[in-house]
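Dumped input-v3.csv below, it's CSV, N, CA and C atoms:
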chain,number,residue,atom,x,y,z
A,91,MET,N,-28.9,-64.3,16.2
A,91,MET,CA,-30.3,-64.2,15.6
A,91,MET,C,-30.9,-62.9,16.0
A,92,GLN,N,-30.7,-62.4,17.2
A,92,GLN,CA,-31.3,-61.2,17.6
A,92,GLN,C,-30.9,-60.0,16.7
A,93,ARG,N,-29.7,-60.1,16.2
A,93,ARG,CA,-29.3,-59.0,15.3
A,93,ARG,C,-30.0,-59.0,14.0
A,94,ILE,N,-30.5,-60.1,13.6
A,94,ILE,CA,-31.2,-60.2,12.3
A,94,ILE,C,-32.6,-59.6,12.4
A,95,PHE,N,-33.3,-59.9,13.5
A,95,PHE,CA,-34.7,-59.4,13.7
A,95,PHE,C,-34.8,-58.5,14.9
A,96,SER,N,-35.5,-57.4,14.7
A,96,SER,CA,-35.6,-56.5,15.9
A,96,SER,C,-36.6,-57.0,16.9
A,97,THR,N,-37.6,-57.7,16.5
A,97,THR,CA,-38.6,-58.3,17.4
A,97,THR,C,-39.0,-59.7,16.9
A,98,PHE,N,-39.7,-60.4,17.7
A,98,PHE,CA,-40.3,-61.6,17.3
A,98,PHE,C,-41.8,-61.4,17.6
A,99,PRO,N,-42.6,-60.9,16.5
A,99,PRO,CA,-43.9,-60.5,16.8
A,99,PRO,C,-44.8,-61.6,17.3
A,100,ASN,N,-45.7,-61.2,18.2
A,100,ASN,CA,-46.7,-62.2,18.7
A,100,ASN,C,-48.1,-61.7,18.3
A,101,SER,N,-49.1,-62.3,18.9
A,101,SER,CA,-50.5,-61.9,18.6
A,101,SER,C,-50.8,-62.2,17.1
A,102,TRP,N,-51.5,-61.3,16.5
A,102,TRP,CA,-51.9,-61.5,15.1
A,102,TRP,C,-50.7,-61.5,14.1
A,103,PRO,N,-49.8,-60.6,14.2
A,103,PRO,CA,-48.6,-60.7,13.3
A,103,PRO,C,-47.8,-62.0,13.5
A,104,GLY,N,-47.7,-62.4,14.7
A,104,GLY,CA,-47.0,-63.7,14.9
A,104,GLY,C,-47.8,-64.9,14.4
A,105,LEU,N,-49.1,-64.8,14.5
A,105,LEU,CA,-49.9,-65.9,13.9
A,105,LEU,C,-49.8,-65.8,12.4
A,106,GLY,N,-49.8,-64.6,11.8
A,106,GLY,CA,-49.6,-64.5,10.4
A,106,GLY,C,-48.3,-65.1,9.9
A,107,LEU,N,-47.2,-64.9,10.6
A,107,LEU,CA,-45.9,-65.5,10.3
A,107,LEU,C,-46.0,-67.0,10.4
A,108,LEU,N,-46.7,-67.5,11.5
A,108,LEU,CA,-46.8,-68.9,11.6
A,108,LEU,C,-47.6,-69.5,10.4
A,109,LEU,N,-48.6,-68.9,10.0
A,109,LEU,CA,-49.4,-69.4,8.8
A,109,LEU,C,-48.5,-69.4,7.6
A,110,LEU,N,-47.7,-68.4,7.4
A,110,LEU,CA,-46.8,-68.3,6.2
A,110,LEU,C,-45.8,-69.5,6.3
A,111,ARG,N,-45.2,-69.7,7.5
A,111,ARG,CA,-44.2,-70.7,7.6
A,111,ARG,C,-44.9,-72.1,7.4
A,112,LEU,N,-46.1,-72.3,7.9
A,112,LEU,CA,-46.7,-73.6,7.8
A,112,LEU,C,-47.1,-73.9,6.3
A,113,ALA,N,-47.6,-72.9,5.6
A,113,ALA,CA,-48.0,-73.0,4.2
A,113,ALA,C,-46.8,-73.3,3.4
A,114,THR,N,-45.7,-72.6,3.6
A,114,THR,CA,-44.5,-72.8,2.8
A,114,THR,C,-43.9,-74.1,3.1
A,115,GLY,N,-43.8,-74.5,4.4
A,115,GLY,CA,-43.2,-75.7,4.8
A,115,GLY,C,-44.0,-77.0,4.3
A,116,LEU,N,-45.3,-76.9,4.4
A,116,LEU,CA,-46.1,-78.0,4.0
A,116,LEU,C,-46.0,-78.2,2.5
A,117,TYR,N,-46.0,-77.1,1.7
A,117,TYR,CA,-45.8,-77.2,0.3
A,117,TYR,C,-44.5,-77.8,-0.1
A,118,LEU,N,-43.4,-77.5,0.6
A,118,LEU,CA,-42.1,-78.1,0.3
A,118,LEU,C,-42.2,-79.6,0.6
A,119,LEU,N,-42.8,-80.0,1.7
A,119,LEU,CA,-42.9,-81.4,2.0
A,119,LEU,C,-43.7,-82.1,1.0
A,120,LYS,N,-44.8,-81.5,0.5
A,120,LYS,CA,-45.6,-82.2,-0.5
A,120,LYS,C,-44.8,-82.4,-1.8
A,121,ASP,N,-44.0,-81.4,-2.2
A,121,ASP,CA,-43.2,-81.5,-3.4
A,121,ASP,C,-42.1,-82.6,-3.2
A,122,ALA,N,-41.5,-82.6,-2.0
A,122,ALA,CA,-40.4,-83.6,-1.8
A,122,ALA,C,-41.0,-85.0,-1.8
A,123,VAL,N,-42.2,-85.2,-1.4
A,123,VAL,CA,-42.8,-86.6,-1.4
A,123,VAL,C,-43.3,-87.0,-2.7
A,124,GLN,N,-43.9,-86.0,-3.5
A,124,GLN,CA,-44.6,-86.4,-4.7
A,124,GLN,C,-43.8,-86.5,-5.9
A,125,LEU,N,-42.7,-85.7,-6.0
A,125,LEU,CA,-42.0,-85.7,-7.3
A,125,LEU,C,-41.1,-86.9,-7.4
A,126,PRO,N,-40.9,-87.4,-8.6
A,126,PRO,CA,-40.1,-88.6,-8.8
A,126,PRO,C,-38.6,-88.3,-8.6
A,127,ILE,N,-37.9,-89.3,-8.1
A,127,ILE,CA,-36.5,-89.2,-7.9
A,127,ILE,C,-35.8,-90.2,-8.8
A,128,ASP,N,-35.0,-89.6,-9.8
A,128,ASP,CA,-34.3,-90.5,-10.7
A,128,ASP,C,-32.8,-90.5,-10.6
A,129,THR,N,-32.2,-89.3,-10.3
A,129,THR,CA,-30.8,-89.2,-10.3
A,129,THR,C,-30.3,-88.6,-8.9
A,130,VAL,N,-29.0,-88.6,-8.8
A,130,VAL,CA,-28.4,-88.0,-7.5
A,130,VAL,C,-28.8,-86.6,-7.3
A,131,PRO,N,-28.7,-85.7,-8.3
A,131,PRO,CA,-29.1,-84.3,-8.1
A,131,PRO,C,-30.6,-84.2,-7.6
A,132,ASP,N,-31.4,-85.1,-8.1
A,132,ASP,CA,-32.8,-85.2,-7.6
A,132,ASP,C,-32.9,-85.5,-6.1
A,133,TRP,N,-32.0,-86.5,-5.7
A,133,TRP,CA,-32.0,-86.8,-4.3
A,133,TRP,C,-31.6,-85.6,-3.4
A,134,THR,N,-30.6,-84.9,-3.9
A,134,THR,CA,-30.1,-83.7,-3.2
A,134,THR,C,-31.2,-82.6,-3.1
A,135,LEU,N,-31.8,-82.3,-4.2
A,135,LEU,CA,-32.9,-81.3,-4.2
A,135,LEU,C,-34.0,-81.7,-3.3
A,136,HIS,N,-34.4,-83.0,-3.3
A,136,HIS,CA,-35.5,-83.4,-2.5
A,136,HIS,C,-35.1,-83.4,-1.0
A,137,GLY,N,-33.8,-83.7,-0.7
A,137,GLY,CA,-33.3,-83.6,0.6
A,137,GLY,C,-33.3,-82.2,1.2
A,138,ILE,N,-32.9,-81.2,0.3
A,138,ILE,CA,-32.9,-79.8,0.7
A,138,ILE,C,-34.4,-79.4,0.9
A,139,GLY,N,-35.3,-79.8,0.0
A,139,GLY,CA,-36.7,-79.4,0.2
A,139,GLY,C,-37.3,-80.0,1.4
A,140,LEU,N,-37.0,-81.3,1.7
A,140,LEU,CA,-37.5,-81.9,2.9
A,140,LEU,C,-37.0,-81.3,4.2
A,141,VAL,N,-35.7,-81.1,4.3
A,141,VAL,CA,-35.1,-80.4,5.5
A,141,VAL,C,-35.6,-79.0,5.7
A,142,SER,N,-35.7,-78.2,4.6
A,142,SER,CA,-36.2,-76.9,4.6
A,142,SER,C,-37.6,-76.8,5.1
A,143,GLY,N,-38.4,-77.7,4.5
A,143,GLY,CA,-39.8,-77.8,4.9
A,143,GLY,C,-40.0,-78.0,6.4
A,144,ILE,N,-39.3,-79.0,6.9
A,144,ILE,CA,-39.4,-79.4,8.3
A,144,ILE,C,-39.0,-78.2,9.2
A,145,LEU,N,-37.8,-77.6,8.8
A,145,LEU,CA,-37.3,-76.4,9.6
A,145,LEU,C,-38.3,-75.3,9.6
A,146,LEU,N,-38.9,-75.0,8.5
A,146,LEU,CA,-39.9,-73.9,8.4
A,146,LEU,C,-41.1,-74.2,9.2
A,147,ILE,N,-41.6,-75.4,9.2
A,147,ILE,CA,-42.8,-75.8,10.0
A,147,ILE,C,-42.5,-75.6,11.5
A,148,ILE,N,-41.4,-76.1,12.0
A,148,ILE,CA,-41.1,-75.9,13.4
A,148,ILE,C,-40.5,-74.6,13.8
A,149,GLY,N,-40.1,-73.8,12.8
A,149,GLY,CA,-39.6,-72.5,13.1
A,149,GLY,C,-38.2,-72.5,13.6
A,150,LEU,N,-37.3,-73.4,13.1
A,150,LEU,CA,-35.9,-73.4,13.5
A,150,LEU,C,-35.0,-73.0,12.4
A,151,TRP,N,-34.1,-72.1,12.6
A,151,TRP,CA,-33.2,-71.5,11.6
A,151,TRP,C,-34.1,-71.1,10.4
A,152,THR,N,-35.1,-70.3,10.7
A,152,THR,CA,-36.1,-69.9,9.7
A,152,THR,C,-35.5,-69.1,8.5
A,153,PRO,N,-34.6,-68.1,8.8
A,153,PRO,CA,-34.1,-67.4,7.6
A,153,PRO,C,-33.3,-68.3,6.7
A,154,ALA,N,-32.5,-69.2,7.2
A,154,ALA,CA,-31.7,-70.1,6.3
A,154,ALA,C,-32.6,-71.0,5.6
A,155,ALA,N,-33.6,-71.6,6.3
A,155,ALA,CA,-34.5,-72.5,5.6
A,155,ALA,C,-35.3,-71.9,4.5
A,156,ALA,N,-35.8,-70.7,4.8
A,156,ALA,CA,-36.6,-69.9,3.8
A,156,ALA,C,-35.8,-69.5,2.6
A,157,LEU,N,-34.5,-69.1,2.9
A,157,LEU,CA,-33.6,-68.8,1.8
A,157,LEU,C,-33.3,-70.0,0.9
A,158,ALA,N,-33.1,-71.1,1.6
A,158,ALA,CA,-32.8,-72.4,0.9
A,158,ALA,C,-34.0,-72.8,0.0
A,159,HIS,N,-35.2,-72.6,0.5
A,159,HIS,CA,-36.4,-72.8,-0.2
A,159,HIS,C,-36.5,-72.0,-1.5
A,160,SER,N,-36.2,-70.7,-1.3
A,160,SER,CA,-36.3,-69.8,-2.5
A,160,SER,C,-35.2,-70.1,-3.5
A,161,VAL,N,-34.0,-70.4,-3.1
A,161,VAL,CA,-32.9,-70.7,-4.0
A,161,VAL,C,-33.2,-72.1,-4.7
A,162,LEU,N,-33.8,-73.0,-4.0
A,162,LEU,CA,-34.2,-74.3,-4.6
A,162,LEU,C,-35.2,-74.1,-5.7
A,163,LEU,N,-36.2,-73.2,-5.4
A,163,LEU,CA,-37.2,-73.0,-6.5
A,163,LEU,C,-36.7,-72.2,-7.7
A,164,ILE,N,-35.8,-71.3,-7.4
A,164,ILE,CA,-35.1,-70.6,-8.5
A,164,ILE,C,-34.3,-71.5,-9.4
A,165,TYR,N,-33.6,-72.4,-8.7
A,165,TYR,CA,-32.8,-73.4,-9.5
A,165,TYR,C,-33.7,-74.3,-10.3
A,166,GLN,N,-34.8,-74.8,-9.7
A,166,GLN,CA,-35.7,-75.6,-10.4
A,166,GLN,C,-36.3,-74.9,-11.6
A,167,ALA,N,-36.6,-73.6,-11.5
A,167,ALA,CA,-37.2,-72.9,-12.6
A,167,ALA,C,-36.2,-72.7,-13.7
A,168,LEU,N,-34.9,-72.4,-13.3
A,168,LEU,CA,-33.9,-72.3,-14.4
A,168,LEU,C,-33.6,-73.6,-15.0
A,169,ALA,N,-33.6,-74.7,-14.3
A,169,ALA,CA,-33.3,-76.0,-14.9
A,169,ALA,C,-34.4,-76.4,-15.9
A,170,VAL,N,-35.6,-76.1,-15.6
A,170,VAL,CA,-36.7,-76.4,-16.5
A,170,VAL,C,-36.8,-75.5,-17.7
A,171,GLY,N,-36.3,-74.2,-17.5
A,171,GLY,CA,-36.3,-73.3,-18.6
A,171,GLY,C,-37.5,-72.3,-18.6
A,172,GLY,N,-38.3,-72.3,-17.5
A,172,GLY,CA,-39.4,-71.4,-17.5
A,172,GLY,C,-39.9,-71.3,-16.1
A,173,ILE,N,-40.5,-70.1,-15.8
A,173,ILE,CA,-41.1,-69.9,-14.5
A,173,ILE,C,-42.6,-69.7,-14.7
A,174,ASP,N,-43.4,-70.4,-13.9
A,174,ASP,CA,-44.8,-70.2,-13.9
A,174,ASP,C,-45.2,-69.3,-12.7
A,175,PRO,N,-46.4,-68.7,-12.8
A,175,PRO,CA,-46.8,-67.8,-11.7
A,175,PRO,C,-46.9,-68.4,-10.3
A,176,ASP,N,-47.2,-69.7,-10.3
A,176,ASP,CA,-47.2,-70.4,-9.0
A,176,ASP,C,-45.8,-70.4,-8.4
A,177,GLN,N,-44.8,-70.7,-9.2
A,177,GLN,CA,-43.4,-70.7,-8.7
A,177,GLN,C,-43.0,-69.3,-8.2
A,178,VAL,N,-43.3,-68.3,-9.0
A,178,VAL,CA,-43.0,-66.9,-8.6
A,178,VAL,C,-43.6,-66.6,-7.2
A,179,MET,N,-44.8,-66.9,-7.0
A,179,MET,CA,-45.5,-66.7,-5.7
A,179,MET,C,-44.8,-67.4,-4.6
A,180,ARG,N,-44.4,-68.7,-4.8
A,180,ARG,CA,-43.7,-69.4,-3.8
A,180,ARG,C,-42.3,-68.9,-3.5
A,181,ILE,N,-41.6,-68.4,-4.5
A,181,ILE,CA,-40.3,-67.7,-4.3
A,181,ILE,C,-40.5,-66.5,-3.5
A,182,VAL,N,-41.4,-65.7,-3.8
A,182,VAL,CA,-41.7,-64.4,-3.1
A,182,VAL,C,-42.1,-64.7,-1.7
A,183,VAL,N,-42.9,-65.6,-1.4
A,183,VAL,CA,-43.3,-66.0,0.0
A,183,VAL,C,-42.1,-66.5,0.7
A,184,GLY,N,-41.3,-67.3,0.1
A,184,GLY,CA,-40.1,-67.8,0.8
A,184,GLY,C,-39.1,-66.7,1.2
A,185,MET,N,-38.9,-65.7,0.3
A,185,MET,CA,-38.1,-64.6,0.6
A,185,MET,C,-38.7,-63.7,1.6
A,186,ALA,N,-40.0,-63.5,1.6
A,186,ALA,CA,-40.7,-62.7,2.6
A,186,ALA,C,-40.5,-63.3,4.0
A,187,VAL,N,-40.6,-64.6,4.1
A,187,VAL,CA,-40.4,-65.3,5.4
A,187,VAL,C,-39.0,-65.2,5.8
A,188,ALA,N,-38.0,-65.3,4.9
A,188,ALA,CA,-36.6,-65.1,5.3
A,188,ALA,C,-36.4,-63.7,5.8
A,189,MET,N,-37.0,-62.7,5.3
A,189,MET,CA,-36.8,-61.3,5.7
A,189,MET,C,-37.6,-61.0,7.0
A,190,LEU,N,-38.8,-61.5,7.1
A,190,LEU,CA,-39.6,-61.1,8.3
A,190,LEU,C,-39.2,-61.9,9.5
A,191,GLY,N,-38.8,-63.1,9.3
A,191,GLY,CA,-38.4,-63.9,10.5
A,191,GLY,C,-39.5,-64.9,10.9
A,192,PRO,N,-39.3,-65.6,12.0
A,192,PRO,CA,-40.1,-66.7,12.4
A,192,PRO,C,-41.4,-66.3,13.2
A,193,GLY,N,-41.4,-65.2,13.9
A,193,GLY,CA,-42.5,-64.8,14.7
A,193,GLY,C,-42.3,-65.5,16.1
A,194,SER,N,-43.2,-65.2,17.0
A,194,SER,CA,-43.0,-65.7,18.4
A,194,SER,C,-43.4,-67.1,18.6
A,195,PHE,N,-44.2,-67.7,17.6
A,195,PHE,CA,-44.6,-69.1,17.7
A,195,PHE,C,-43.6,-70.0,17.0
A,196,SER,N,-42.4,-70.0,17.5
A,196,SER,CA,-41.3,-70.8,16.8
A,196,SER,C,-40.3,-71.2,17.8
A,197,ILE,N,-39.5,-72.1,17.4
A,197,ILE,CA,-38.3,-72.5,18.2
A,197,ILE,C,-37.3,-71.4,18.2
A,198,ASP,N,-37.1,-70.7,17.1
A,198,ASP,CA,-36.2,-69.6,17.0
A,198,ASP,C,-36.5,-68.5,18.1
A,199,SER,N,-37.8,-68.3,18.3
A,199,SER,CA,-38.2,-67.3,19.3
A,199,SER,C,-37.8,-67.7,20.7
A,200,ARG,N,-38.0,-69.0,21.0
A,200,ARG,CA,-37.6,-69.6,22.3
A,200,ARG,C,-36.1,-69.5,22.5
A,201,LEU,N,-35.4,-69.8,21.5
A,201,LEU,CA,-33.9,-69.9,21.6
A,201,LEU,C,-33.2,-68.5,21.6
A,202,PHE,N,-33.7,-67.6,20.7
A,202,PHE,CA,-33.0,-66.4,20.4
A,202,PHE,C,-33.8,-65.1,20.7
A,203,GLY,N,-35.1,-65.3,21.1
A,203,GLY,CA,-35.9,-64.1,21.4
A,203,GLY,C,-35.5,-63.3,22.5
A,204,ARG,N,-36.2,-62.2,22.7
A,204,ARG,CA,-35.9,-61.2,23.8
A,204,ARG,C,-36.3,-61.9,25.1
A,205,LYS,N,-35.5,-61.7,26.1
A,205,LYS,CA,-35.8,-62.2,27.4
A,205,LYS,C,-36.0,-61.0,28.3
A,206,ARG,N,-36.8,-61.1,29.3
A,206,ARG,CA,-37.0,-60.0,30.3
A,206,ARG,C,-36.3,-60.4,31.5
A,207,ILE,N,-35.4,-59.5,31.9
A,207,ILE,CA,-34.6,-59.7,33.2
A,207,ILE,C,-34.9,-58.6,34.1
A,208,ASP,N,-35.5,-58.9,35.3
A,208,ASP,CA,-35.8,-57.9,36.3
A,208,ASP,C,-34.6,-57.8,37.3
A,209,ILE,N,-34.0,-56.7,37.4
A,209,ILE,CA,-32.9,-56.4,38.3
A,209,ILE,C,-33.5,-55.7,39.5
A,210,PRO,N,-33.4,-56.3,40.7
A,210,PRO,CA,-33.9,-55.7,41.9
A,210,PRO,C,-33.1,-54.5,42.3
A,211,LEU,N,-33.8,-53.5,42.8
A,211,LEU,CA,-33.1,-52.3,43.3
A,211,LEU,C,-32.4,-52.6,44.6
A,212,PRO,N,-31.2,-52.0,44.9
A,212,PRO,CA,-30.5,-52.3,46.1
A,212,PRO,C,-31.3,-51.7,47.3
A,213,GLY,N,-31.3,-52.3,48.4
A,213,GLY,CA,-32.0,-51.8,49.6
A,213,GLY,C,-33.4,-52.1,49.7
A,214,ARG,N,-34.0,-52.7,48.6
A,214,ARG,CA,-35.4,-53.1,48.6
A,214,ARG,C,-35.6,-54.5,49.0
A,215,ASP,N,-36.7,-54.8,49.7
A,215,ASP,CA,-37.0,-56.2,50.0
A,215,ASP,C,-37.5,-56.9,48.8
A,216,GLN,N,-37.0,-58.1,48.6
A,216,GLN,CA,-37.4,-58.9,47.4
A,216,GLN,C,-38.8,-59.3,47.3
A,217,ASN,N,-39.5,-59.4,48.4
A,217,ASN,CA,-40.9,-59.8,48.4
A,217,ASN,C,-41.9,-58.7,48.3
A,218,SER,N,-41.5,-57.5,48.4
A,218,SER,CA,-42.5,-56.4,48.3
A,218,SER,C,-42.6,-55.8,46.9
Spell out the structure here as structure tokens.
Amino acid sequence: MQRIFSTFPNSWPGLGLLLLRLATGLYLLKDAVQLPIDTVPDWTLHGIGLVSGILLIIGLWTPAAALAHSVLLIYQALAVGGIDPDQVMRIVVGMAVAMLGPGSFSIDSRLFGRKRIDIPLPGRDQNS
């Protein structure tokens, strides 16, 4: 994961990424709960939307979840035969989250973020 992102931004940029993740994930959960399920492909799409939404909200495997979100929306737009501006915005936000990463307020940051390791100098007292 560290190879994908150079940093896990904190402070205001990290908060902005958290808000993007929450908005995208909550919208996915809303869609997964509200849309009717009639066939097996609908179950699959709703399952992908539900899992992607939860992963985005908690910030786990964020790039994969955001990419799955964008691909799901593109598939839905092609299946219906048209794209509305709302869908375009959601696809763009999903791709932006996939490219920018989860930020420091995420499980990804705790698992894969940069760690600080202090190596003591030889001959120096550890307590001073």
Margin query: For a test of reading the model, state the distance in Å between CA of Pro126 (chain A) and CA of Ser142 (chain A), rounded to one decimal.
Written below: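 CA of Pro126 (chain A) sits 18.2 Å away from CA of Ser142 (chain A).
What separates CA of Thr114 (chain A) from CA of Asp128 (chain A) is a distance of 24.5 Å.
Rounded to one decimal, atom C of Ser196 (chain A) and atom C of Gly149 (chain A) lie 4.9 Å from each other.
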TODO: Can you list, as a VMD selection string, all residues belonging to chain A that DSSP tags as helix (DSSP H, G or I)?
DONE: chain A and resid 101 to 124 130 to 148 152 to 170 175 to 190 197 to 202
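Considering the residues A:Thr152, A:Gln166, A:Ser199, A:Asn100 and counting only C-alpha atoms, Leu112 (chain A) has its shortest atom-to-atom contact with A:Thr152.
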Could you name the residues that touch Ala122 (chain A) at 7 Å or less, counting all atoms listed in the file, but leaving out those on the same chain fewer than 2 positions away, as an mmCIF file with N, CA and C atoms, keeping the file's coordinate frame?
data_model
loop_
_atom_site.group_PDB
_atom_site.id
_atom_site.type_symbol
_atom_site.label_atom_id
_atom_site.label_comp_id
_atom_site.auth_asym_id
_atom_site.auth_seq_id
_atom_site.Cartn_x
_atom_site.Cartn_y
_atom_site.Cartn_z
ATOM 1 N N TYR A 117 -46.000 -77.100 1.700
ATOM 2 C CA TYR A 117 -45.800 -77.200 0.300
ATOM 3 C C TYR A 117 -44.500 -77.800 -0.100
ATOM 4 N N LEU A 118 -43.400 -77.500 0.600
ATOM 5 C CA LEU A 118 -42.100 -78.100 0.300
ATOM 6 C C LEU A 118 -42.200 -79.600 0.600
ATOM 7 N N LEU A 119 -42.800 -80.000 1.700
ATOM 8 C CA LEU A 119 -42.900 -81.400 2.000
ATOM 9 C C LEU A 119 -43.700 -82.100 1.000
ATOM 10 N N LYS A 120 -44.800 -81.500 0.500
ATOM 11 C CA LYS A 120 -45.600 -82.200 -0.500
ATOM 12 C C LYS A 120 -44.800 -82.400 -1.800
ATOM 13 N N GLN A 124 -43.900 -86.000 -3.500
ATOM 14 C CA GLN A 124 -44.600 -86.400 -4.700
ATOM 15 C C GLN A 124 -43.800 -86.500 -5.900
ATOM 16 N N LEU A 125 -42.700 -85.700 -6.000
ATOM 17 C CA LEU A 125 -42.000 -85.700 -7.300
ATOM 18 C C LEU A 125 -41.100 -86.900 -7.400
ATOM 19 N N LEU A 135 -31.800 -82.300 -4.200
ATOM 20 C CA LEU A 135 -32.900 -81.300 -4.200
ATOM 21 C C LEU A 135 -34.000 -81.700 -3.300
ATOM 22 N N HIS A 136 -34.400 -83.000 -3.300
ATOM 23 C CA HIS A 136 -35.500 -83.400 -2.500
ATOM 24 C C HIS A 136 -35.100 -83.400 -1.000
ATOM 25 N N GLY A 137 -33.800 -83.700 -0.700
ATOM 26 C CA GLY A 137 -33.300 -83.600 0.600
ATOM 27 C C GLY A 137 -33.300 -82.200 1.200
ATOM 28 N N GLY A 139 -35.300 -79.800 0.000
ATOM 29 C CA GLY A 139 -36.700 -79.400 0.200
ATOM 30 C C GLY A 139 -37.300 -80.000 1.400
ATOM 31 N N LEU A 140 -37.000 -81.300 1.700
ATOM 32 C CA LEU A 140 -37.500 -81.900 2.900
ATOM 33 C C LEU A 140 -37.000 -81.300 4.200
#
